[in-house]
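See below for work.txt, which holds compact mmCIF, C-alpha atoms.
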# COMPACT_ATOMS: atom_id res chain seq x y z
CA MET A 1 0.00 0.00 0.00
CA HIS A 2 2.29 2.77 -1.19
CA GLU A 3 -0.73 4.49 -2.75
CA LEU A 4 -1.07 6.77 0.28
CA SER A 5 2.45 8.16 -0.29
CA ILE A 6 1.62 8.63 -3.97
CA ALA A 7 -1.68 10.37 -3.08
CA LEU A 8 0.17 12.75 -0.74
CA SER A 9 2.64 13.62 -3.50
CA ILE A 10 -0.20 14.26 -5.95
CA ILE A 11 -1.93 16.57 -3.46
CA GLU A 12 1.24 18.49 -2.70
CA LEU A 13 1.98 18.95 -6.36
CA ALA A 14 -1.60 19.93 -7.29
CA ALA A 15 -1.89 22.41 -4.41
CA GLU A 16 1.35 24.08 -5.52
CA GLU A 17 0.22 24.36 -9.15
CA ALA A 18 -3.24 25.63 -8.15
CA GLU A 19 -1.81 28.28 -5.86
CA ARG A 20 0.54 29.48 -8.57
CA ARG A 21 -2.50 30.03 -10.79
CA GLY A 22 -4.44 31.89 -8.09
CA ALA A 23 -7.10 29.21 -7.67
CA VAL A 24 -9.67 29.67 -4.92
CA ARG A 25 -10.94 26.15 -5.31
CA ILE A 26 -9.79 22.90 -6.88
CA ASP A 27 -12.54 20.71 -8.27
CA ALA A 28 -10.52 17.93 -9.81
CA VAL A 29 -7.06 16.58 -10.53
CA HIS A 30 -6.50 14.66 -13.75
CA LEU A 31 -3.91 11.94 -13.59
CA LYS A 32 -2.40 9.66 -16.21
CA LEU A 33 -1.66 6.30 -14.67
CA GLY A 34 0.20 3.59 -16.54
CA ASP A 35 -0.89 -0.03 -16.27
CA MET A 36 2.70 -0.83 -15.36
CA SER A 37 3.20 2.02 -12.89
CA GLY A 38 2.91 -0.30 -9.91
CA VAL A 39 -0.01 1.75 -8.59
CA ALA A 40 -3.50 0.28 -8.17
CA PRO A 41 -6.16 2.83 -9.25
CA GLU A 42 -8.75 1.68 -6.68
CA SER A 43 -6.31 1.98 -3.78
CA LEU A 44 -5.14 5.34 -5.04
CA LEU A 45 -8.71 6.70 -5.19
CA PHE A 46 -9.39 5.46 -1.68
CA SER A 47 -6.14 6.96 -0.35
CA TYR A 48 -6.74 10.22 -2.21
CA ASP A 49 -10.01 10.98 -0.43
CA LEU A 50 -8.41 10.30 2.94
CA ALA A 51 -5.29 12.29 2.19
CA CYS A 52 -7.24 15.32 0.94
CA GLU A 53 -8.90 15.94 4.29
CA GLY A 54 -7.76 19.22 5.81
CA THR A 55 -5.93 20.29 2.64
CA PRO A 56 -6.95 22.82 -0.05
CA LEU A 57 -7.96 19.77 -2.12
CA GLU A 58 -10.62 18.55 0.29
CA GLY A 59 -13.75 17.73 -1.70
CA SER A 60 -11.89 17.50 -5.01
CA SER A 61 -12.00 14.43 -7.16
CA LEU A 62 -9.20 12.48 -8.73
CA VAL A 63 -9.84 11.60 -12.35
CA ILE A 64 -7.65 8.72 -13.49
CA GLU A 65 -6.92 8.10 -17.12
CA LYS A 66 -5.36 4.67 -17.43
CA VAL A 67 -2.52 4.33 -19.92
CA PRO A 68 -2.14 0.92 -21.53
CA VAL A 69 1.32 -0.55 -21.91
CA MET A 70 3.04 0.00 -25.25
CA VAL A 71 6.17 -1.74 -26.44
CA TYR A 72 8.48 -1.09 -29.32
CA CYS A 73 8.94 -3.94 -31.76
CA ALA A 74 12.30 -3.60 -33.50
CA ALA A 75 11.40 -6.27 -36.05
CA CYS A 76 8.28 -4.39 -37.24
CA SER A 77 9.57 -0.89 -36.30
CA ILE A 78 6.29 -0.05 -34.54
CA ASP A 79 5.01 1.00 -31.14
CA THR A 80 2.23 -1.38 -30.27
CA ASN A 81 0.14 -2.78 -27.43
CA PRO A 82 1.38 -6.19 -26.27
CA PRO A 83 -1.23 -8.95 -25.79
CA SER A 84 -1.02 -8.34 -22.03
CA ILE A 85 1.21 -6.94 -19.31
CA GLN A 86 2.24 -10.56 -18.65
CA SER A 87 3.27 -11.12 -22.23
CA LEU A 88 5.55 -8.44 -23.58
CA CYS A 89 5.77 -9.29 -27.24
CA CYS A 90 4.69 -7.85 -30.56
CA PRO A 91 1.09 -8.86 -31.32
CA VAL A 92 1.92 -8.90 -35.04
CA CYS A 93 5.14 -10.93 -35.31
CA GLU A 94 5.18 -12.31 -31.73
CA THR A 95 8.82 -11.29 -31.16
CA PRO A 96 9.40 -10.73 -27.42
CA THR A 97 10.42 -7.16 -26.65
CA PRO A 98 11.68 -5.68 -23.38
CA GLN A 99 11.30 -2.09 -24.61
CA VAL A 100 8.34 -0.57 -22.78
CA THR A 101 7.60 2.86 -24.29
CA ARG A 102 4.40 3.71 -22.39
CA GLY A 103 2.52 2.47 -19.38
CA LYS A 104 4.83 3.35 -16.50
CA GLU A 105 3.72 6.96 -16.07
CA ILE A 106 2.24 8.58 -12.96
CA GLU A 107 1.64 12.12 -14.15
CA VAL A 108 -0.64 14.99 -13.21
CA VAL A 109 -1.82 16.35 -16.58
CA ALA A 110 -4.55 18.87 -15.71
CA LEU A 111 -6.41 20.60 -12.92
CA GLU A 112 -10.00 21.83 -12.77
CA ILE A 113 -9.79 25.01 -10.75
CA ARG A 114 -11.84 28.11 -9.97
CA THR A 115 -10.11 31.47 -9.93
CA MET B 1 -14.53 37.42 -7.72
CA SER B 2 -15.67 35.19 -10.50
CA ALA B 3 -15.40 31.56 -9.60
CA GLN B 4 -15.65 30.13 -13.07
CA PRO B 5 -14.41 26.59 -13.35
CA ARG B 6 -11.61 26.13 -15.84
CA LEU B 7 -9.35 23.36 -16.92
CA VAL B 8 -5.64 24.11 -16.83
CA GLU B 9 -2.98 21.91 -18.28
CA VAL B 10 -0.20 20.76 -15.96
CA ARG B 11 2.42 18.21 -16.86
CA ARG B 12 4.21 17.01 -13.80
CA LYS B 13 5.55 13.60 -12.93
CA VAL B 14 4.44 12.56 -9.48
CA MET B 15 7.63 10.59 -8.80
CA ASN B 16 9.85 13.44 -9.96
CA GLN B 17 11.23 14.27 -6.52
CA ASN B 18 12.29 10.68 -5.89
CA ASP B 19 13.60 10.28 -9.44
CA LEU B 20 15.77 13.40 -9.19
CA LEU B 21 17.20 12.33 -5.87
CA ALA B 22 17.86 8.81 -7.19
CA ARG B 23 19.67 10.29 -10.18
CA ALA B 24 21.85 12.39 -7.88
CA LEU B 25 22.61 9.30 -5.77
CA ARG B 26 23.52 7.29 -8.88
CA GLU B 27 25.93 10.04 -9.85
CA ARG B 28 27.50 10.04 -6.37
CA PHE B 29 27.89 6.25 -6.41
CA ARG B 30 29.48 6.40 -9.85
CA GLU B 31 31.93 9.12 -8.86
CA ALA B 32 32.91 7.20 -5.73
CA GLY B 33 33.33 4.02 -7.80
CA VAL B 34 30.86 2.01 -5.74
CA TYR B 35 28.57 -0.42 -7.55
CA VAL B 36 25.09 -0.63 -6.02
CA VAL B 37 22.87 -3.71 -6.10
CA SER B 38 19.33 -3.69 -4.71
CA LEU B 39 17.38 -6.80 -3.74
CA VAL B 40 13.60 -7.07 -3.93
CA SER B 41 11.38 -10.05 -3.21
CA SER B 42 8.34 -11.11 -1.26
CA PRO B 43 8.78 -11.71 2.48
CA GLY B 44 10.46 -15.02 3.20
CA SER B 45 12.07 -15.71 -0.15
CA GLY B 46 15.53 -15.70 1.40
CA LYS B 47 16.92 -12.21 0.77
CA THR B 48 18.79 -12.00 4.06
CA THR B 49 20.35 -15.48 3.88
CA PHE B 50 21.30 -14.82 0.27
CA LEU B 51 22.81 -11.48 1.22
CA GLU B 52 24.70 -12.97 4.18
CA ARG B 53 26.23 -15.58 1.88
CA SER B 54 27.09 -13.00 -0.78
CA LEU B 55 28.68 -10.61 1.73
CA THR B 56 30.76 -13.40 3.26
CA ALA B 57 31.96 -14.54 -0.17
CA LEU B 58 32.77 -11.01 -1.33
CA ARG B 59 34.42 -9.74 1.84
CA PRO B 60 37.90 -11.19 1.14
CA LEU B 61 37.74 -9.91 -2.45
CA CYS B 62 36.51 -6.35 -2.18
CA ARG B 63 35.17 -3.69 0.13
CA VAL B 64 31.50 -4.46 0.54
CA ALA B 65 28.70 -3.05 2.70
CA ALA B 66 24.93 -3.34 3.05
CA ILE B 67 21.85 -1.31 3.88
CA VAL B 68 18.82 -3.31 4.98
CA GLY B 69 15.25 -2.10 5.10
CA ASP B 70 12.76 -3.63 7.46
CA LEU B 71 9.36 -2.57 8.72
CA ALA B 72 9.88 -2.97 12.43
CA THR B 73 12.94 -4.90 13.59
CA ASP B 74 16.70 -4.80 13.28
CA ASN B 75 16.92 -8.63 13.19
CA ASP B 76 18.25 -8.65 9.63
CA ALA B 77 21.00 -6.15 10.41
CA ALA B 78 22.00 -8.24 13.42
CA ARG B 79 22.17 -11.37 11.24
CA LEU B 80 24.17 -9.60 8.58
CA ALA B 81 26.62 -8.17 11.10
CA ARG B 82 27.91 -11.76 11.39
CA SER B 83 29.39 -11.40 7.92
CA GLN B 84 31.66 -8.70 9.42
CA VAL B 85 30.97 -6.00 6.88
CA PRO B 86 29.51 -2.54 7.58
CA VAL B 87 25.72 -2.84 7.79
CA ARG B 88 23.18 -0.11 8.27
CA GLN B 89 19.52 -0.57 9.06
CA ILE B 90 16.60 1.47 7.80
CA THR B 91 13.48 0.86 9.88
CA THR B 92 10.63 2.13 7.76
CA GLY B 93 7.85 1.91 10.34
CA ALA B 94 4.65 1.33 8.39
CA VAL B 95 6.18 2.23 5.05
CA CYS B 96 6.22 -0.71 2.67
CA HIS B 97 9.19 0.26 0.52
CA LEU B 98 12.50 2.13 0.54
CA ASP B 99 12.82 5.41 -1.32
CA ALA B 100 15.77 7.48 -2.47
CA ALA B 101 15.59 9.86 0.51
CA MET B 102 15.93 6.92 2.93
CA ILE B 103 19.03 5.74 1.08
CA GLU B 104 20.50 9.23 1.19
CA GLY B 105 19.92 9.29 4.95
CA ALA B 106 21.41 5.83 5.45
CA ILE B 107 24.68 6.59 3.65
CA ALA B 108 25.27 9.84 5.53
CA GLY B 109 28.72 9.77 7.07
CA TRP B 110 29.86 6.74 5.07
CA ASP B 111 32.95 7.32 2.98
CA LEU B 112 31.72 5.90 -0.32
CA ASP B 113 35.23 6.05 -1.76
CA GLU B 114 36.08 3.25 0.67
CA LEU B 115 33.50 0.88 -0.87
CA ASP B 116 33.43 -1.27 -4.01
CA ILE B 117 30.00 -2.85 -3.76
CA LEU B 118 26.98 -1.73 -1.74
CA PHE B 119 23.91 -3.95 -1.36
CA ILE B 120 20.50 -2.54 -0.54
CA GLU B 121 17.94 -5.02 0.76
CA ASN B 122 14.46 -3.63 0.23
CA VAL B 123 11.46 -4.34 2.45
CA GLY B 124 9.92 -7.73 1.60
CA ASN B 125 7.26 -6.69 -0.90
CA LEU B 126 6.74 -7.41 -4.60
CA VAL B 127 4.46 -4.46 -5.32
CA CYS B 128 5.46 -1.13 -3.83
CA PRO B 129 9.26 -1.06 -4.39
CA SER B 130 8.76 -1.16 -8.18
CA SER B 131 7.86 2.55 -8.34
CA TYR B 132 10.90 3.81 -6.44
CA ASP B 133 14.28 4.28 -8.07
CA LEU B 134 16.97 4.05 -5.39
CA GLY B 135 19.90 5.06 -7.57
CA GLU B 136 21.05 1.44 -7.83
CA ASP B 137 23.04 0.04 -10.76
CA LEU B 138 21.42 -3.37 -10.66
CA ARG B 139 18.06 -4.47 -9.35
CA MET B 140 17.76 -8.15 -8.45
CA THR B 141 14.37 -9.72 -7.99
CA LEU B 142 14.53 -12.89 -5.90
CA VAL B 143 11.93 -15.63 -6.03
CA SER B 144 12.20 -18.89 -4.14
CA VAL B 145 11.26 -22.32 -5.49
CA THR B 146 8.55 -22.65 -2.84
CA GLU B 147 6.64 -19.63 -4.15
CA GLY B 148 5.39 -21.11 -7.40
CA GLU B 149 6.46 -20.70 -11.00
CA ASP B 150 3.75 -18.16 -11.76
CA LYS B 151 5.04 -15.47 -9.40
CA PRO B 152 6.36 -13.37 -12.33
CA LEU B 153 2.91 -13.41 -13.95
CA LYS B 154 1.29 -12.29 -10.71
CA TYR B 155 3.78 -9.45 -10.18
CA PRO B 156 4.85 -8.47 -13.72
CA THR B 157 5.69 -4.87 -12.81
CA ILE B 158 8.42 -5.67 -10.30
CA PHE B 159 9.94 -8.34 -12.54
CA ASN B 160 9.86 -5.88 -15.43
CA SER B 161 11.64 -3.25 -13.35
CA ALA B 162 14.47 -5.68 -12.48
CA ASP B 163 17.75 -6.34 -14.28
CA VAL B 164 18.22 -9.92 -13.15
CA ALA B 165 16.06 -12.62 -11.58
CA VAL B 166 17.52 -14.90 -8.93
CA ILE B 167 15.74 -18.15 -8.10
CA THR B 168 16.57 -18.98 -4.48
CA LYS B 169 16.37 -22.10 -2.29
CA VAL B 170 17.09 -24.39 -5.26
CA ASP B 171 18.12 -27.09 -2.77
CA LEU B 172 14.36 -27.43 -2.13
CA ALA B 173 13.43 -27.53 -5.83
CA GLU B 174 12.66 -31.24 -5.91
CA ALA B 175 10.61 -31.24 -2.70
CA ALA B 176 8.64 -28.23 -3.95
CA GLU B 177 8.21 -29.86 -7.39
CA PHE B 178 9.53 -26.68 -8.88
CA ASP B 179 9.28 -26.48 -12.66
CA ALA B 180 12.36 -24.47 -13.63
CA SER B 181 11.53 -24.21 -17.31
CA ALA B 182 8.01 -22.91 -16.58
CA ALA B 183 9.47 -20.33 -14.18
CA ASN B 184 11.98 -19.24 -16.78
CA LYS B 185 9.30 -19.00 -19.46
CA ASN B 186 7.18 -16.78 -17.20
CA ILE B 187 10.12 -14.53 -16.36
CA GLN B 188 10.96 -14.15 -20.05
CA SER B 189 7.33 -13.37 -20.79
CA VAL B 190 7.21 -10.35 -18.46
CA ARG B 191 10.80 -9.25 -19.07
CA PRO B 192 12.18 -10.63 -22.33
CA GLY B 193 15.92 -11.26 -22.27
CA MET B 194 16.39 -10.99 -18.49
CA PRO B 195 19.24 -13.13 -17.11
CA VAL B 196 18.09 -15.76 -14.61
CA LEU B 197 20.40 -17.22 -11.94
CA ARG B 198 19.71 -20.15 -9.62
CA VAL B 199 21.19 -20.30 -6.15
CA SER B 200 20.97 -22.02 -2.81
CA ALA B 201 22.39 -19.75 -0.15
CA LYS B 202 22.20 -22.75 2.19
CA THR B 203 24.38 -25.18 0.20
CA GLY B 204 26.26 -22.59 -1.84
CA GLU B 205 25.02 -24.02 -5.14
CA GLY B 206 25.07 -21.38 -7.87
CA MET B 207 26.96 -18.82 -5.79
CA ASP B 208 30.06 -18.99 -8.02
CA GLU B 209 27.96 -18.17 -11.08
CA LEU B 210 26.37 -15.35 -9.16
CA LEU B 211 29.76 -13.88 -8.24
CA ARG B 212 30.91 -14.21 -11.85
CA PHE B 213 27.77 -12.45 -13.03
CA LEU B 214 28.27 -9.64 -10.51
CA ALA B 215 31.94 -9.29 -11.44
CA SER B 216 31.12 -8.95 -15.12
CA ARG B 217 28.45 -6.32 -14.40
CA VAL B 218 30.78 -4.35 -12.14
CA ALA B 219 33.56 -4.48 -14.76
CA GLU B 220 31.11 -3.35 -17.44
CA SER B 221 29.78 -0.47 -15.42
CA ARG B 222 33.02 0.63 -13.73
CA PRO B 223 35.58 0.03 -16.45
CA GLY B 224 39.22 0.78 -15.85
CA GLY B 225 40.44 0.40 -12.28
CA ALA B 226 38.13 -1.00 -9.65
CA GLY B 227 35.66 -2.91 -11.81
CA ASN B 228 38.19 -4.87 -13.84
CA GLN B 229 40.35 -5.61 -10.82
CA LEU B 230 37.40 -6.95 -8.92
CA ALA B 231 36.39 -9.13 -11.86
CA LEU B 232 39.95 -10.51 -12.03
CA ARG B 233 40.08 -11.20 -8.28
CA ILE B 234 36.75 -13.01 -8.33
CA ASP B 235 37.79 -14.99 -11.38
CA GLU B 236 41.10 -15.96 -9.79
CA ARG B 237 39.37 -16.97 -6.57
CA LEU B 238 36.89 -19.16 -8.38
CA ARG B 239 39.60 -20.93 -10.36
CA THR B 240 41.51 -21.95 -7.23

Starting from the file, lay out its structure as structure tokens.
Amino acid sequence: MHELSIALSIIELAAEEAERRGAVRIDAVHLKLGDMSGVAPESLLFSYDLACEGTPLEGSSLVIEKVPVMVYCAACSIDTNPPSIQSLCCPVCETPTPQVTRGKEIEVVALEIRT
Amino acid sequence: MSAQPRLVEVRRKVMNQNDLLARALRERFREAGVYVVSLVSSPGSGKTTFLERSLTALRPLCRVAAIVGDLATDNDAARLARSQVPVRQITTGAVCHLDAAMIEGAIAGWDLDELDILFIENVGNLVCPSSYDLGEDLRMTLVSVTEGEDKPLKYPTIFNSADVAVITKVDLAEAAEFDASAANKNIQSVRPGMPVLRVSAKTGEGMDELLRFLASRVAESRPGGAGNQLALRIDERLRT
């Protein structure tokens, strides 16, 4: 359960960005979350609500956009989605590939604020 | 004051603080010429016994030290002290993983120039440590033969984040009816091309191969002086 630490980091970062923009209220935080980020969305949502209490983000919602894993296939020269996170290979030519190009991100991409 | 809702774009990585600190640590380790290996596994897969054996084998060959993370006790540090190398304990409390700031705190006051290899034993956990870069050169994921061949499929993220997989307790392989080829297939499926080593820290089986592997990685990453010398010393020791 490291989701609480992650939630605290998100809140800190969002509060800082909102203050810099003169926000009086923060309605929502939009987050991109990779399927291979090691973070479980359900646990993060649960931790987020708890961690927001008593902060400028209390009452805000966390909107998670999940990012599927993408790998680079050198044989086909394409970025593509592997069959699953347990099977990192090219779905076209079935060559195994260790090159993960997307799906590990934990990134705040937007805020819904009132100024 | 108008309180119109608006959407503003922000692009900030949540792990940035840890990542920056880990990068700075990696730079410090490189400048000091110390090669850093981290160990991750589930609780009970034999990290501490494996580490004790590795430290004892490496101690006559190079200057080695360890940092061990544990939730509540300093039992592991006490066990490792028997290998007579410098050991420092990080007690994380309720925190389920080590992060770069904890490593920075643990190495405070240590003269890194006096070390060749530093091991970091993470808290026993196959989920949380995957998100935290510690500034290590090599991440080892350990899995014991009693845990089942499908462990990599259940925890693909941590196996994917590792550089090498070490199958431990191979002396129990037969009793546990461990299917080595299935385990290897599953590891390759979540992390194609990853080297897999097999050891028994109890009998010493596979430890020579492990030392050879470490020596080659150290030589690769710290070319010139320390790395090559260490590789030569290990090689010489194994031949006699």

Nearest to chain B: which of A:Ser61, A:Ser5, A:Asn81, A:Ser43 is it, counting all atoms listed in the file?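 For chain B, the nearest of the given residues is A:Ser5.
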
What is the distance, in Å and to one decimal place, between CA of Ala173 in chain B and CA of Asp70 in chain B?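 That distance, rounded to one decimal, is 27.4 Å.
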
Would you list the residues near (-0.6, 7.9, -0.4) (no more than 10 Å away, in the coordinates of the file, using all atoms listed in the file) as number ranges by chain? A: 1-11, 43-51

Per residue of chain B within 10 Å of chain A, record the nearest atom pair and its distance in Å to one decimal, counting all atoms listed in the file, with rows in chain order and ascending residue number, as JSON lines.
{"residue": "B:Met1", "atom": "CA", "partner": "A:Thr115", "partner_atom": "CA", "distance": 7.7}
{"residue": "B:Ser2", "atom": "CA", "partner": "A:Thr115", "partner_atom": "CA", "distance": 6.7}
{"residue": "B:Ala3", "atom": "CA", "partner": "A:Arg114", "partner_atom": "CA", "distance": 5.0}
{"residue": "B:Gln4", "atom": "CA", "partner": "A:Arg114", "partner_atom": "CA", "distance": 5.3}
{"residue": "B:Pro5", "atom": "CA", "partner": "A:Arg114", "partner_atom": "CA", "distance": 4.5}
{"residue": "B:Arg6", "atom": "CA", "partner": "A:Ile113", "partner_atom": "CA", "distance": 5.5}
{"residue": "B:Leu7", "atom": "CA", "partner": "A:Glu112", "partner_atom": "CA", "distance": 4.5}
{"residue": "B:Val8", "atom": "CA", "partner": "A:Leu111", "partner_atom": "CA", "distance": 5.3}
{"residue": "B:Glu9", "atom": "CA", "partner": "A:Ala110", "partner_atom": "CA", "distance": 4.3}
{"residue": "B:Val10", "atom": "CA", "partner": "A:Val109", "partner_atom": "CA", "distance": 4.7}
{"residue": "B:Arg11", "atom": "CA", "partner": "A:Val109", "partner_atom": "CA", "distance": 4.6}
{"residue": "B:Arg12", "atom": "CA", "partner": "A:Val108", "partner_atom": "CA", "distance": 5.3}
{"residue": "B:Lys13", "atom": "CA", "partner": "A:Glu107", "partner_atom": "CA", "distance": 4.4}
{"residue": "B:Val14", "atom": "CA", "partner": "A:Glu107", "partner_atom": "CA", "distance": 5.5}
{"residue": "B:Met15", "atom": "CA", "partner": "A:Ile106", "partner_atom": "CA", "distance": 7.1}
{"residue": "B:Asn16", "atom": "CA", "partner": "A:Glu107", "partner_atom": "CA", "distance": 9.3}
{"residue": "B:Gln17", "atom": "CA", "partner": "A:Ser9", "partner_atom": "CA", "distance": 9.1}
{"residue": "B:Ala94", "atom": "CA", "partner": "A:Met1", "partner_atom": "CA", "distance": 9.7}
{"residue": "B:Val95", "atom": "CA", "partner": "A:His2", "partner_atom": "CA", "distance": 7.4}
{"residue": "B:Cys96", "atom": "CA", "partner": "A:His2", "partner_atom": "CA", "distance": 6.5}
{"residue": "B:His97", "atom": "CA", "partner": "A:His2", "partner_atom": "CA", "distance": 7.5}
{"residue": "B:Asn125", "atom": "CA", "partner": "A:Met1", "partner_atom": "CA", "distance": 9.9}
{"residue": "B:Leu126", "atom": "CA", "partner": "A:Gly38", "partner_atom": "CA", "distance": 9.7}
{"residue": "B:Val127", "atom": "CA", "partner": "A:Gly38", "partner_atom": "CA", "distance": 6.4}
{"residue": "B:Cys128", "atom": "CA", "partner": "A:His2", "partner_atom": "CA", "distance": 5.7}
{"residue": "B:Pro129", "atom": "CA", "partner": "A:Gly38", "partner_atom": "CA", "distance": 8.4}
{"residue": "B:Ser130", "atom": "CA", "partner": "A:Gly38", "partner_atom": "CA", "distance": 6.2}
{"residue": "B:Ser131", "atom": "CA", "partner": "A:Gly38", "partner_atom": "CA", "distance": 5.9}
{"residue": "B:Tyr132", "atom": "CA", "partner": "A:Gly38", "partner_atom": "CA", "distance": 9.6}
{"residue": "B:Pro152", "atom": "CA", "partner": "A:Gln86", "partner_atom": "CA", "distance": 8.1}
{"residue": "B:Leu153", "atom": "CA", "partner": "A:Gln86", "partner_atom": "CA", "distance": 5.5}
{"residue": "B:Lys154", "atom": "CA", "partner": "A:Gln86", "partner_atom": "CA", "distance": 8.2}
{"residue": "B:Tyr155", "atom": "CA", "partner": "A:Gln86", "partner_atom": "CA", "distance": 8.7}
{"residue": "B:Pro156", "atom": "CA", "partner": "A:Gln86", "partner_atom": "CA", "distance": 6.0}
{"residue": "B:Thr157", "atom": "CA", "partner": "A:Met36", "partner_atom": "CA", "distance": 5.6}
{"residue": "B:Ile158", "atom": "CA", "partner": "A:Gly38", "partner_atom": "CA", "distance": 7.7}
{"residue": "B:Asn160", "atom": "CA", "partner": "A:Pro98", "partner_atom": "CA", "distance": 8.2}
{"residue": "B:Ser161", "atom": "CA", "partner": "A:Met36", "partner_atom": "CA", "distance": 9.5}
{"residue": "B:Asn186", "atom": "CA", "partner": "A:Gln86", "partner_atom": "CA", "distance": 8.1}
{"residue": "B:Ile187", "atom": "CA", "partner": "A:Gln86", "partner_atom": "CA", "distance": 9.1}
{"residue": "B:Gln188", "atom": "CA", "partner": "A:Pro96", "partner_atom": "CA", "distance": 8.3}
{"residue": "B:Ser189", "atom": "CA", "partner": "A:Ser87", "partner_atom": "CA", "distance": 4.9}
{"residue": "B:Val190", "atom": "CA", "partner": "A:Gln86", "partner_atom": "CA", "distance": 5.0}
{"residue": "B:Arg191", "atom": "CA", "partner": "A:Pro98", "partner_atom": "CA", "distance": 5.7}
{"residue": "B:Pro192", "atom": "CA", "partner": "A:Pro98", "partner_atom": "CA", "distance": 5.1}
{"residue": "B:Gly193", "atom": "CA", "partner": "A:Pro98", "partner_atom": "CA", "distance": 7.1}
{"residue": "B:Met194", "atom": "CA", "partner": "A:Pro98", "partner_atom": "CA", "distance": 8.6}

Kindly export the residues of the current selection with C-alpha atoms, as a PDB file, in the coordinates of the input.
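Saved as out01.pdb:
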ATOM      1  CA  MET B   1     -14.530  37.420  -7.720  1.00  0.00           C
ATOM      2  CA  SER B   2     -15.670  35.190 -10.500  1.00  0.00           C
ATOM      3  CA  ALA B   3     -15.400  31.560  -9.600  1.00  0.00           C
ATOM      4  CA  GLN B   4     -15.650  30.130 -13.070  1.00  0.00           C
ATOM      5  CA  PRO B   5     -14.410  26.590 -13.350  1.00  0.00           C
ATOM      6  CA  ARG B   6     -11.610  26.130 -15.840  1.00  0.00           C
ATOM      7  CA  LEU B   7      -9.350  23.360 -16.920  1.00  0.00           C
ATOM      8  CA  VAL B   8      -5.640  24.110 -16.830  1.00  0.00           C
ATOM      9  CA  GLU B   9      -2.980  21.910 -18.280  1.00  0.00           C
ATOM     10  CA  VAL B  10      -0.200  20.760 -15.960  1.00  0.00           C
ATOM     11  CA  ARG B  11       2.420  18.210 -16.860  1.00  0.00           C
ATOM     12  CA  ARG B  12       4.210  17.010 -13.800  1.00  0.00           C
ATOM     13  CA  LYS B  13       5.550  13.600 -12.930  1.00  0.00           C
ATOM     14  CA  VAL B  14       4.440  12.560  -9.480  1.00  0.00           C
ATOM     15  CA  MET B  15       7.630  10.590  -8.800  1.00  0.00           C
ATOM     16  CA  ASN B  16       9.850  13.440  -9.960  1.00  0.00           C
ATOM     17  CA  GLN B  17      11.230  14.270  -6.520  1.00  0.00           C
ATOM     18  CA  ALA B  94       4.650   1.330   8.390  1.00  0.00           C
ATOM     19  CA  VAL B  95       6.180   2.230   5.050  1.00  0.00           C
ATOM     20  CA  CYS B  96       6.220  -0.710   2.670  1.00  0.00           C
ATOM     21  CA  HIS B  97       9.190   0.260   0.520  1.00  0.00           C
ATOM     22  CA  ASN B 125       7.260  -6.690  -0.900  1.00  0.00           C
ATOM     23  CA  LEU B 126       6.740  -7.410  -4.600  1.00  0.00           C
ATOM     24  CA  VAL B 127       4.460  -4.460  -5.320  1.00  0.00           C
ATOM     25  CA  CYS B 128       5.460  -1.130  -3.830  1.00  0.00           C
ATOM     26  CA  PRO B 129       9.260  -1.060  -4.390  1.00  0.00           C
ATOM     27  CA  SER B 130       8.760  -1.160  -8.180  1.00  0.00           C
ATOM     28  CA  SER B 131       7.860   2.550  -8.340  1.00  0.00           C
ATOM     29  CA  TYR B 132      10.900   3.810  -6.440  1.00  0.00           C
ATOM     30  CA  PRO B 152       6.360 -13.370 -12.330  1.00  0.00           C
ATOM     31  CA  LEU B 153       2.910 -13.410 -13.950  1.00  0.00           C
ATOM     32  CA  LYS B 154       1.290 -12.290 -10.710  1.00  0.00           C
ATOM     33  CA  TYR B 155       3.780  -9.450 -10.180  1.00  0.00           C
ATOM     34  CA  PRO B 156       4.850  -8.470 -13.720  1.00  0.00           C
ATOM     35  CA  THR B 157       5.690  -4.870 -12.810  1.00  0.00           C
ATOM     36  CA  ILE B 158       8.420  -5.670 -10.300  1.00  0.00           C
ATOM     37  CA  ASN B 160       9.860  -5.880 -15.430  1.00  0.00           C
ATOM     38  CA  SER B 161      11.640  -3.250 -13.350  1.00  0.00           C
ATOM     39  CA  ASN B 186       7.180 -16.780 -17.200  1.00  0.00           C
ATOM     40  CA  ILE B 187      10.120 -14.530 -16.360  1.00  0.00           C
ATOM     41  CA  GLN B 188      10.960 -14.150 -20.050  1.00  0.00           C
ATOM     42  CA  SER B 189       7.330 -13.370 -20.790  1.00  0.00           C
ATOM     43  CA  VAL B 190       7.210 -10.350 -18.460  1.00  0.00           C
ATOM     44  CA  ARG B 191      10.800  -9.250 -19.070  1.00  0.00           C
ATOM     45  CA  PRO B 192      12.180 -10.630 -22.330  1.00  0.00           C
ATOM     46  CA  GLY B 193      15.920 -11.260 -22.270  1.00  0.00           C
ATOM     47  CA  MET B 194      16.390 -10.990 -18.490  1.00  0.00           C
TER      48      MET B 194
END

Need to verify the contact set: range 64-66 of chain B, 6 Å, all atoms listed in the file, exclusion of same-chain residues closer than 5 positions in sequence. Can you return it as a list in words?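 Using all atoms listed in the file, the neighbours found are Val85, Pro86, Val87, Leu115, Asp116, Ile117, Leu118, Phe119 and Ile120 of chain B.
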
Using Å and a single decimal, report how far CA of Ser144 in chain B sits from CA of Arg59 in chain B.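 Answer for the CA of Arg59 in chain B to CA of Ser144 in chain B separation: 24.8 Å.
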
What is the CA of Asp235 in chain B to CA of Ser216 in chain B distance in Å?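 Spanning CA of Asp235 in chain B to CA of Ser216 in chain B is a straight-line distance of 9.7 Å.
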